[in-house]
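Visitor: First the structure, then my questions, so here it is.
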Amino acid sequence: MRFCALSRSLQAIGYPMQFVNRLIQGLLVIWGIVTLLFVIFYGLGDPTSFLVGDQADEATRAAVRKKYGLDKPFGVQYLGYLNGLSPLGWVADADRTATKHLALISGEKGALALKSPDLGRSFQSNQPVTPMILSRLEGTLILAMSAIVFASVLGIFLGKIAAMNRDTWWDRGILSASVLGISAPSFFLGVLIAWLFAVVLGEWTGLHVTGHIFTEKVFEPGREVLLKNLLLPALALGIRPLAIFTQLTRSSMIDVLHTDYMRTARAKGLSARTVMLRHALRNALNPVITSITGWLASLLAGAFFIEYIFNWQGIGKLMIDALEKQDMPVILGTAIFIGAVFVCITILTDASYRLLDPRVRLD
């Protein structure tokens with residue numbers, strides 16, 4: 001009994017430490033992303049060429065380099081970028097009025113402070129990159145969450161139907177449709193769905209190729225919500241994960257239905273509904289949830305083409321516009337932001353395992 005109590009105590013201590021280790025690993029991954037992208041965008045070329053063109057004289061180039069701090073050694077630029085990106089960093093006296101911070105340790109020329117992450121300023125608009133990304137985050141989150149909810153709910157339902165009716169025409173039809181959904185790229189589905197429902201059937205559906213869920217009101221302040229503009233991009237973005245969730249739920253359910261504890265549950269006289277929902281489906285959800293959370297991060301990063309096709313005002317549209325204008329700080333900041341979101345979602349996924357299945361240990 002004492003050994004069992006000691007074992008439980010060690011496990012109680014071990015689980016938080018495992019999450020701390022995952023958090024440290026996530027921070028290291030983010031640091032690696034920042035380093036790699038900074039070297040690519042700033043270390044392998046001259047960013048001033050994107051600002052002033054190849055025909056500018058050396059005096060103009062020197063002025064631009066000084067304005068954006070590009071005249072400093074590469075290592076100094078890198079450390080300065082990390083300092084701006086970190087929530088705990090050095091704030092110089094000259095930047096105290098422009099930077100929201102909470103000073104912890106004051107020095108002669110500045111202070112070590114808690115502050116909001118700074119991703120630099122846009123080369124084109126000279127505006128801070130962080131507010132530019134946050135202003136578009138709402139649109140991308142709405143689109144990605146709508147697509148993932150649509151795909152997960154319908155995918156789990158169809159996968160359960162296919163598993164319960166294995167080797168029937170229901171099963172074969174669902175599998176065939178899911179194979180088609182997996183095979184088609186998102187950008188192709190986006191173009192096809194926009195053409196079919198907004199062009200060919202536009203008079204009956206009332207849908208448009210382009211549009212955002214929020215539009216500014218003309219005669220009064222505030223925004224108007226147009227949910228119909230969300231239907232087509234969410235459908236286009238959600239078809240591929242829908243197909244994958246369907247197949248994954250089906251295969252996981254089939255494996256669970258043939259286990260010993262499922263036969264024991266049936267032998268106890270439990271109803272078919274109780275056996276399916278409380279035993280089979282719950283135990284089959286772990287791999288599905290792994291895929292769902294992974295796809296949520298992928299949809300946040302992979303919504304670029306869908307946002308561009310439907311002119312959806314999100315992070316993907318912002319990054320594509322920055323690529324067209326060769327606005328390096330915006331491109332770099334957007335990529336780092338998406339990488340950080342992916343790492344955070346991965347850590348939250350690990351936490352969800354423990355809630356669904358207490359037997360799961362995180363190594």
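Numbering starts fresh at 1 for the residues of each chain in the structure tokens, the chains themselves are lettered A, B, ... in the order given, and ligands are numbered from 1 as they appear.
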Report as a JSON list (two decimals) with N, CA and C atoms, in the first residue's frame all protein, DNA and RNA residues lying within 7 Å of Gly120 (chain A), evaluated on only C-alpha atoms, omitting residues in the same chain fewer than 2 positions from it.

Guide:
```
[["chain", "number", "residue", "atom", "x", "y", "z"],
["A", 118, "ASP", "N", 7.94, 42.31, -30.13],
["A", 118, "ASP", "CA", 8.06, 43.27, -31.22],
["A", 118, "ASP", "C", 8.66, 42.56, -32.42],
["A", 122, "SER", "N", 7.16, 47.22, -40.81],
["A", 122, "SER", "CA", 7.00, 46.92, -42.22],
["A", 122, "SER", "C", 7.87, 47.85, -43.06],
["A", 128, "PRO", "N", 4.20, 48.92, -37.22],
["A", 128, "PRO", "CA", 4.63, 47.72, -36.49],
["A", 128, "PRO", "C", 3.98, 46.46, -37.05],
["A", 129, "VAL", "N", 4.78, 45.41, -37.16],
["A", 129, "VAL", "CA", 4.29, 44.17, -37.75],
["A", 129, "VAL", "C", 3.32, 43.46, -36.81],
["A", 329, "PRO", "N", 10.07, 42.13, -43.24],
["A", 329, "PRO", "CA", 9.66, 42.03, -41.83],
["A", 329, "PRO", "C", 8.28, 41.41, -41.65]]
```

Visitor: Hey, what does DSSP flag as helix (DSSP H, G or I) within region 106-348 of chain A? Can you give it to me as a PyMOL selection string?

Guide: chain A and resi 129-164+169-183+186-200+202-205+228-257+260-267+272-302+304-309+315-325+328-348

Visitor: Counting only C-alpha atoms, which residue out of A:Ala151, A:Leu114, A:Leu318, A:Val191 sits closest to Pro131 (chain A)?

Guide: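 Closest to Pro131 (chain A), using only C-alpha atoms: A:Leu318.
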
Visitor: At a cut-off of 9 Å, using only C-alpha atoms, what residues contact Leu82 (chain A)? Leave out same-chain residues fewer than 5 positions from it and give the result as a VMD selection string.

Guide: chain A and resid 31 34 to 35 77 89

Visitor: Selected residues, N, CA, C and O atoms, written as a compact mmCIF listing (two decimals), in the first residue's frame, please.

Guide:
```
# COMPACT_ATOMS: atom_id res chain seq x y z
N TRP A 31 12.86 29.23 -31.07
CA TRP A 31 14.16 29.88 -31.26
C TRP A 31 14.82 29.39 -32.55
O TRP A 31 15.41 30.18 -33.29
N VAL A 34 13.07 31.10 -35.50
CA VAL A 34 13.48 32.50 -35.61
C VAL A 34 14.87 32.60 -36.23
O VAL A 34 15.12 33.41 -37.14
N THR A 35 15.80 31.78 -35.75
CA THR A 35 17.18 31.83 -36.24
C THR A 35 17.25 31.48 -37.72
O THR A 35 17.90 32.18 -38.51
N GLN A 77 22.30 42.70 -35.29
CA GLN A 77 20.91 42.71 -35.77
C GLN A 77 20.14 41.51 -35.23
O GLN A 77 18.98 41.65 -34.80
N GLY A 89 13.01 41.39 -21.95
CA GLY A 89 14.16 41.91 -22.67
C GLY A 89 14.56 43.29 -22.20
O GLY A 89 13.97 43.86 -21.27
```

Visitor: Hey, what's within 7 Å of region 228-234 of chain A if we count only C-alpha atoms and toss same-chain stuff fewer than 5 positions away? As a PyMOL selection string, please?

Guide: chain A and resi 143+146-147+190+193-194+207+211-213+306+310

Visitor: Include N, CA, C and O atoms and write out the residues we just selected as a PDB file, in the first residue's frame.

Guide:
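So the final result, stored in part.pdb, reads:
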```
ATOM      1  N   LEU A 143     -11.967  31.397 -39.748  1.00  0.00           N
ATOM      2  CA  LEU A 143     -11.974  30.489 -40.898  1.00  0.00           C
ATOM      3  C   LEU A 143     -11.456  29.106 -40.515  1.00  0.00           C
ATOM      4  O   LEU A 143     -12.084  28.084 -40.841  1.00  0.00           O
ATOM      5  N   SER A 146     -13.858  27.286 -38.030  1.00  0.00           N
ATOM      6  CA  SER A 146     -15.078  26.843 -38.723  1.00  0.00           C
ATOM      7  C   SER A 146     -14.795  25.604 -39.560  1.00  0.00           C
ATOM      8  O   SER A 146     -15.579  24.639 -39.554  1.00  0.00           O
ATOM      9  N   ALA A 147     -13.664  25.602 -40.259  1.00  0.00           N
ATOM     10  CA  ALA A 147     -13.309  24.452 -41.090  1.00  0.00           C
ATOM     11  C   ALA A 147     -13.034  23.220 -40.241  1.00  0.00           C
ATOM     12  O   ALA A 147     -13.463  22.104 -40.586  1.00  0.00           O
ATOM     13  N   GLY A 190     -10.685  25.028 -53.688  1.00  0.00           N
ATOM     14  CA  GLY A 190     -11.150  26.398 -53.529  1.00  0.00           C
ATOM     15  C   GLY A 190     -11.638  26.995 -54.833  1.00  0.00           C
ATOM     16  O   GLY A 190     -12.710  27.613 -54.892  1.00  0.00           O
ATOM     17  N   ILE A 193     -14.915  25.059 -55.924  1.00  0.00           N
ATOM     18  CA  ILE A 193     -16.086  25.415 -55.116  1.00  0.00           C
ATOM     19  C   ILE A 193     -16.539  26.838 -55.418  1.00  0.00           C
ATOM     20  O   ILE A 193     -17.742  27.117 -55.522  1.00  0.00           O
ATOM     21  N   ALA A 194     -15.590  27.756 -55.576  1.00  0.00           N
ATOM     22  CA  ALA A 194     -15.948  29.140 -55.905  1.00  0.00           C
ATOM     23  C   ALA A 194     -16.639  29.211 -57.260  1.00  0.00           C
ATOM     24  O   ALA A 194     -17.645  29.931 -57.424  1.00  0.00           O
ATOM     25  N   LEU A 207     -24.322  33.353 -53.096  1.00  0.00           N
ATOM     26  CA  LEU A 207     -22.961  33.444 -52.576  1.00  0.00           C
ATOM     27  C   LEU A 207     -22.047  34.148 -53.578  1.00  0.00           C
ATOM     28  O   LEU A 207     -22.325  34.173 -54.771  1.00  0.00           O
ATOM     29  N   GLY A 211     -15.221  37.987 -50.442  1.00  0.00           N
ATOM     30  CA  GLY A 211     -15.966  38.602 -49.346  1.00  0.00           C
ATOM     31  C   GLY A 211     -15.400  38.195 -48.005  1.00  0.00           C
ATOM     32  O   GLY A 211     -14.718  37.174 -47.873  1.00  0.00           O
ATOM     33  N   HIS A 212     -15.665  39.002 -46.998  1.00  0.00           N
ATOM     34  CA  HIS A 212     -15.185  38.736 -45.649  1.00  0.00           C
ATOM     35  C   HIS A 212     -16.392  38.660 -44.721  1.00  0.00           C
ATOM     36  O   HIS A 212     -17.470  39.169 -45.050  1.00  0.00           O
ATOM     37  N   ILE A 213     -16.213  38.017 -43.567  1.00  0.00           N
ATOM     38  CA  ILE A 213     -17.328  37.863 -42.648  1.00  0.00           C
ATOM     39  C   ILE A 213     -17.729  39.190 -42.012  1.00  0.00           C
ATOM     40  O   ILE A 213     -18.868  39.383 -41.619  1.00  0.00           O
ATOM     41  N   ILE A 306      -6.543  29.632 -49.796  1.00  0.00           N
ATOM     42  CA  ILE A 306      -7.986  29.814 -49.661  1.00  0.00           C
ATOM     43  C   ILE A 306      -8.311  31.277 -49.389  1.00  0.00           C
ATOM     44  O   ILE A 306      -9.244  31.843 -49.981  1.00  0.00           O
ATOM     45  N   PHE A 310     -10.528  33.613 -52.058  1.00  0.00           N
ATOM     46  CA  PHE A 310     -11.789  34.224 -51.646  1.00  0.00           C
ATOM     47  C   PHE A 310     -11.611  35.641 -51.100  1.00  0.00           C
ATOM     48  O   PHE A 310     -12.566  36.207 -50.572  1.00  0.00           O
TER      49      PHE A 310
END
```

Visitor: Check the smallest atom-to-atom distance from each of A:Phe150, A:Phe74, A:Phe123, A:Trp90 to Glu108 (chain A) using only C-alpha atoms, then report the winner.

Guide: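 Nearest candidate to Glu108 (chain A) out of A:Phe150, A:Phe74, A:Phe123, A:Trp90: A:Trp90.
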
Visitor: Quick one: pull the distance between CA of Phe337 (chain A) and CA of Ile105 (chain A), Å, one decimal.

Guide: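 CA of Ile105 (chain A) lies at a distance of 28.1 Å from CA of Phe337 (chain A).
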
Visitor: Hey, can you check how far CA of Gly238 (chain A) sits from CA of Met132 (chain A)?

Guide: 26.0 Å

Visitor: I need the residue nearest Phe304 (chain A) from this list: A:Tyr78, A:Phe187, A:Trp169, A:Phe157. Use only C-alpha atoms for the distance.

Guide: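 Ranked by minimum distance to Phe304 (chain A), first place goes to A:Phe187.
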
Visitor: Taking 2 positions as the minimum chain separation for residues in the same chain, which residues sit within 12 Å of Thr130 (chain A) when counting only C-alpha atoms? Answer as a list in words.

Guide: Gly84, Leu85, Ser116, Pro117, Asp118, Leu119, Gly120, Arg121, Ser122, Asn126, Gln127, Pro128, Met132, Ile133, Leu134, Ser135, Arg136, Leu137, Ile315, Pro329, Val330, Ile331, Leu332, Gly333, Thr334, Ala335, Ile336 and Phe337 of chain A

Visitor: So how many Å separate CA of Ala340 (chain A) and CA of Gly80 (chain A), to one decimal?

Guide: 19.1 Å

Visitor: Got a sec: who's within 12 Å of Gly107 (chain A), counting only C-alpha atoms, leaving out chain neighbours fewer than 2 positions off, as a PDB file with C-alpha atoms, in the first residue's frame?

Guide:
```pdb
ATOM      1  CA  TRP A  90      16.108  45.136 -22.538  1.00  0.00           C
ATOM      2  CA  VAL A  91      14.278  48.406 -23.223  1.00  0.00           C
ATOM      3  CA  ALA A  92      16.555  51.363 -23.968  1.00  0.00           C
ATOM      4  CA  ASP A  93      15.777  54.798 -22.570  1.00  0.00           C
ATOM      5  CA  ALA A 103      10.454  47.688 -15.731  1.00  0.00           C
ATOM      6  CA  LEU A 104      11.991  45.043 -13.469  1.00  0.00           C
ATOM      7  CA  ILE A 105      15.622  46.148 -13.162  1.00  0.00           C
ATOM      8  CA  LYS A 109      20.756  53.381 -20.350  1.00  0.00           C
ATOM      9  CA  GLY A 110      17.566  51.381 -19.994  1.00  0.00           C
ATOM     10  CA  ALA A 111      15.801  48.650 -18.069  1.00  0.00           C
ATOM     11  CA  LEU A 112      15.217  44.911 -18.059  1.00  0.00           C
ATOM     12  CA  ALA A 113      11.462  44.731 -18.465  1.00  0.00           C
TER      13      ALA A 113
END
```
